[in-house]
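Below is one structure, written out as structure tokens; comments come after it.
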Amino acid sequence: MPENRTATTQSGNKKKHLYATVVIAAVFVAVFALAAAFLPGDDSPTDAAPAADARVVRADSHRLTSPADSELTLVEFLDFECEACGAYYPAVEKLRERYGDRVTFVARYFPMPGHRNGELAARAAEAAARQDKFDEMYRKLFDTQAEWGEAQESKEDVFRGFARELGLDQARFDRDLADPRTADRVRADQRDGLALDVQGTPTFFLGGEKISNPQSYEDFAAAIDEALAR
């Protein structure tokens with residue numbers, strides 16, 4: 001009998017330990033997911049000089065939507081390699097669907113020097129934009145971020161592969177990717193961002209005003225609804 005009680009006790013202890021392990025793992029996953037969703041962003045400084053005549057939106061800024069009767073503009077300064085930007089990306093896409101013609105969504109480059117391929121990804125998006133495929137490359141870069149982000153080697157061949165998948169003229173894409181004017185275009189967005197006190201990514205401007213990063217999709221939608229109601 002004592003042996004049976006000992007075995008039962010040991011079995012119960014194992015179950016308790018297993019349950020505790022599962023609970024701890026679940027909590028860890030939840031905390032990790034929460035952190036991924038609401039990261040404050042990469043706060044490394046860039047090496048560009050602030051623009052003297054900074055603007056939140058310029059005529060050549062990339063508009064993800066161009067509604068005819070837009071009531072509001074949401075601008076995001078982003079880094080395609082930034083994990084926080086990647087975490088916000090699904091929410092921004094959902095907001096684009098929700099608000100349709102009421103809100104203009106604008107993406108501006110702000111690659112951070114701590115990311116090996118952030119500036120290269122921005123140039124890939126800009127090279128795609130020269131063939132009217134900015135939105136497609138924007139989506140592709142975020143959809144595949146986990147595959148190429150945080151690498152220490154150049155992912156130029158990966159981005160060239162994306163260009164092929166999107167049906168771009170490969171020779172033209174390669175020329176534009178290496179064109180100094182493409183890098184200048186990326187840097188122009190950075191310079192505006194620095195002058196507008198963009199310190200990390202993502203940074204959002206709603207109706208021309210810098211806002212704190214929303215803590216959930218619902219908070220984001222509520223902020224847009226409030227701005228639309230003004």
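Residue numbering restarts at 1 in every chain; chains get A, B, ... in the order shown in the structure tokens, and ligands count up from 1 in that same order.
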
May I have the residues within 7 Å of region 203-211 of chain A as a count of residues only, using only C-alpha atoms and disregarding those fewer than 5 positions away in the same chain?
9

Test item, alpha helix (DSSP H) assignment across region 76-184 of chain A, answer as a VMD selection string
chain A and resid 83 to 99 118 to 129 134 to 143 145 to 148 156 to 165 170 to 178 180 to 184

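Between Glu150 (chain A) and the candidates A:Asn117, A:Thr65, A:Gln170, A:Thr182, the tightest atom-to-atom separation, counting only C-alpha atoms, involves A:Asn117.
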
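Residues surrounding region 97-112 of chain A within 7 Å are Ser44, Pro45, Thr46, Ser61, His62, Arg63, Leu64, Thr65, Ser66, Pro67, Ala68, Asp69, Ser70, Glu71, Leu72, Thr73, Leu74, Val75, Glu76, Phe77, Leu78, Asp79, Gly118, Glu119, Ala122, Val186, Asp189 and Gln190 of chain A [only C-alpha atoms; sequence separation below 6 positions excluded].
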
Mind checking which residues fall within 12 Å of Tyr89 (chain A), counting only C-alpha atoms, ignoring those fewer than 2 positions away in the same chain, and posting them as a PDB file with C-alpha atoms, in the first residue's frame?
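The resulting file, out.pdb, is shown below:
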ATOM      1  CA  ALA A  36       5.279  41.541 -30.960  1.00  0.00           C
ATOM      2  CA  ALA A  37       1.977  43.288 -31.553  1.00  0.00           C
ATOM      3  CA  PHE A  38       2.773  46.414 -29.572  1.00  0.00           C
ATOM      4  CA  GLU A  76       3.250  55.666 -41.663  1.00  0.00           C
ATOM      5  CA  LEU A  78       8.205  52.526 -41.787  1.00  0.00           C
ATOM      6  CA  ASP A  79      11.103  50.145 -42.140  1.00  0.00           C
ATOM      7  CA  PHE A  80      10.282  46.957 -44.041  1.00  0.00           C
ATOM      8  CA  GLU A  81      12.680  45.000 -41.815  1.00  0.00           C
ATOM      9  CA  CYS A  82      11.252  46.386 -38.574  1.00  0.00           C
ATOM     10  CA  GLU A  83       9.406  43.663 -36.637  1.00  0.00           C
ATOM     11  CA  ALA A  84       7.080  46.222 -35.051  1.00  0.00           C
ATOM     12  CA  CYS A  85       6.132  47.491 -38.519  1.00  0.00           C
ATOM     13  CA  GLY A  86       5.496  43.895 -39.522  1.00  0.00           C
ATOM     14  CA  ALA A  87       3.284  43.459 -36.460  1.00  0.00           C
ATOM     15  CA  ALA A  91      -3.924  46.002 -38.772  1.00  0.00           C
ATOM     16  CA  VAL A  92      -3.102  48.654 -41.372  1.00  0.00           C
ATOM     17  CA  GLU A  93      -4.318  46.333 -44.137  1.00  0.00           C
ATOM     18  CA  LYS A  94      -7.544  45.713 -42.225  1.00  0.00           C
ATOM     19  CA  LEU A  95      -8.002  49.446 -41.728  1.00  0.00           C
ATOM     20  CA  ARG A  96      -7.518  50.020 -45.460  1.00  0.00           C
ATOM     21  CA  ALA A 107       3.698  54.790 -46.683  1.00  0.00           C
ATOM     22  CA  TYR A 138       5.064  46.708 -50.164  1.00  0.00           C
ATOM     23  CA  ARG A 139       2.804  43.727 -49.477  1.00  0.00           C
ATOM     24  CA  LYS A 140       5.393  41.210 -50.636  1.00  0.00           C
ATOM     25  CA  LEU A 141       8.098  42.589 -48.356  1.00  0.00           C
ATOM     26  CA  PHE A 142       5.883  42.502 -45.284  1.00  0.00           C
ATOM     27  CA  ASP A 143       4.280  39.148 -46.107  1.00  0.00           C
ATOM     28  CA  THR A 144       7.745  37.568 -46.338  1.00  0.00           C
ATOM     29  CA  GLN A 145       9.526  39.571 -43.629  1.00  0.00           C
ATOM     30  CA  THR A 201       9.416  52.801 -36.617  1.00  0.00           C
ATOM     31  CA  PRO A 202       6.576  52.615 -37.085  1.00  0.00           C
ATOM     32  CA  TYR A 217      -6.641  47.371 -33.890  1.00  0.00           C
TER      33      TYR A 217
END

For region 157-159 of chain A, list every protein, DNA or RNA residue within 9 Å, evaluated using only C-alpha atoms, and leave out those in the same chain fewer than 4 positions away; present the list as a PyMOL selection string.
chain A and resi 120-121+124+141+148+163-164

Produce a file of the selected residues containing C-alpha atoms, as a CSV table (one decimal), in the first residue's frame.
chain,number,residue,atom,x,y,z
A,120,LEU,CA,17.9,47.8,-49.6
A,121,ALA,CA,14.2,46.7,-49.1
A,124,ALA,CA,13.5,47.5,-53.9
A,141,LEU,CA,8.1,42.6,-48.4
A,148,TRP,CA,14.6,37.6,-45.0
A,163,ALA,CA,10.5,41.5,-58.7
A,164,ARG,CA,10.4,38.5,-61.0

Just the strand (DSSP E) stuff from region 64-121 of chain A, please, per backbone DSSP, written as a ChimeraX atom specification.
/A:72-78,103-109

Take the residues that were just selected and, keeping N, CA and C atoms, output them as an mmCIF file, in the first residue's frame.
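part-v2.cif written:
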data_model
loop_
_atom_site.group_PDB
_atom_site.id
_atom_site.type_symbol
_atom_site.label_atom_id
_atom_site.label_comp_id
_atom_site.auth_asym_id
_atom_site.auth_seq_id
_atom_site.Cartn_x
_atom_site.Cartn_y
_atom_site.Cartn_z
ATOM 1 N N LEU A 72 -9.500 62.031 -44.656
ATOM 2 C CA LEU A 72 -8.426 61.956 -43.677
ATOM 3 C C LEU A 72 -7.228 61.233 -44.288
ATOM 4 N N THR A 73 -6.025 61.561 -43.800
ATOM 5 C CA THR A 73 -4.817 60.893 -44.277
ATOM 6 C C THR A 73 -4.078 60.259 -43.106
ATOM 7 N N LEU A 74 -3.707 58.986 -43.277
ATOM 8 C CA LEU A 74 -2.888 58.283 -42.293
ATOM 9 C C LEU A 74 -1.544 57.984 -42.936
ATOM 10 N N VAL A 75 -0.487 58.532 -42.341
ATOM 11 C CA VAL A 75 0.871 58.366 -42.874
ATOM 12 C C VAL A 75 1.675 57.492 -41.919
ATOM 13 N N GLU A 76 2.377 56.509 -42.478
ATOM 14 C CA GLU A 76 3.250 55.666 -41.663
ATOM 15 C C GLU A 76 4.683 55.773 -42.165
ATOM 16 N N PHE A 77 5.585 56.188 -41.277
ATOM 17 C CA PHE A 77 7.009 56.110 -41.559
ATOM 18 C C PHE A 77 7.441 54.714 -41.120
ATOM 19 N N LEU A 78 7.980 53.941 -42.062
ATOM 20 C CA LEU A 78 8.205 52.526 -41.787
ATOM 21 C C LEU A 78 9.554 52.029 -42.275
ATOM 22 N N VAL A 103 -10.411 57.316 -46.108
ATOM 23 C CA VAL A 103 -9.060 57.586 -45.585
ATOM 24 C C VAL A 103 -8.006 57.272 -46.640
ATOM 25 N N THR A 104 -7.043 58.176 -46.786
ATOM 26 C CA THR A 104 -5.891 57.938 -47.666
ATOM 27 C C THR A 104 -4.751 57.402 -46.809
ATOM 28 N N PHE A 105 -4.221 56.240 -47.175
ATOM 29 C CA PHE A 105 -3.111 55.619 -46.457
ATOM 30 C C PHE A 105 -1.819 55.865 -47.226
ATOM 31 N N VAL A 106 -0.819 56.369 -46.530
ATOM 32 C CA VAL A 106 0.452 56.740 -47.154
ATOM 33 C C VAL A 106 1.599 56.023 -46.450
ATOM 34 N N ALA A 107 2.511 55.450 -47.234
ATOM 35 C CA ALA A 107 3.698 54.790 -46.683
ATOM 36 C C ALA A 107 4.937 55.596 -47.034
ATOM 37 N N ARG A 108 5.757 55.889 -46.022
ATOM 38 C CA ARG A 108 6.996 56.629 -46.258
ATOM 39 C C ARG A 108 8.177 55.854 -45.679
ATOM 40 N N TYR A 109 9.291 55.926 -46.377
ATOM 41 C CA TYR A 109 10.468 55.165 -45.990
ATOM 42 C C TYR A 109 11.172 55.772 -44.773
#

Residues at most 7 Å from region 48-55 of chain A, counting only C-alpha atoms, excluding those fewer than 6 positions away in the same chain, as a PyMOL selection string?
chain A and resi 187+190-192+194-196

Using N, CA and C atoms, can you export the residues from the last selection as a short mmCIF file (atom, residue, chain, number, x, y, z; two decimals), in the first residue's frame?
data_model
loop_
_atom_site.label_atom_id
_atom_site.label_comp_id
_atom_site.auth_asym_id
_atom_site.auth_seq_id
_atom_site.Cartn_x
_atom_site.Cartn_y
_atom_site.Cartn_z
N ARG A 187 16.14 58.45 -48.97
CA ARG A 187 16.72 59.37 -47.99
C ARG A 187 15.85 60.62 -47.81
N GLN A 190 13.40 59.87 -45.24
CA GLN A 190 14.07 59.85 -43.94
C GLN A 190 14.28 61.27 -43.42
N ARG A 191 14.69 62.16 -44.29
CA ARG A 191 14.99 63.54 -43.88
C ARG A 191 13.72 64.23 -43.39
N ASP A 192 12.60 64.01 -44.08
CA ASP A 192 11.33 64.55 -43.60
C ASP A 192 11.00 63.98 -42.23
N LEU A 194 12.95 62.74 -39.88
CA LEU A 194 13.80 63.27 -38.82
C LEU A 194 13.37 64.67 -38.41
N ALA A 195 13.03 65.50 -39.37
CA ALA A 195 12.60 66.87 -39.07
C ALA A 195 11.24 66.88 -38.36
N LEU A 196 10.46 65.80 -38.56
CA LEU A 196 9.14 65.70 -37.93
C LEU A 196 9.19 64.93 -36.61
#

Please provide as a PyMOL selection string all residues within 12 Å of Leu168 (chain A), with the sequence filter that same-chain residues fewer than 5 positions apart are discarded (counting only C-alpha atoms).
chain A and resi 124-125+127-134+136-137+159-163+173-174+176

For a quick check of understanding, using only C-alpha atoms, which of A:Gly200, A:Ala223, A:Arg116, A:Ser216 has the smallest distance to Ser154 (chain A)?
A:Arg116

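Using only C-alpha atoms, the shortest contact distance between Ala151 (chain A) and any of A:Gly114, A:Asp225, A:Glu126, A:Asp135 is found at A:Gly114.
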
Atom-to-atom span, CA of Leu177 (chain A) and CA of Arg123 (chain A), Å
5.8 Å
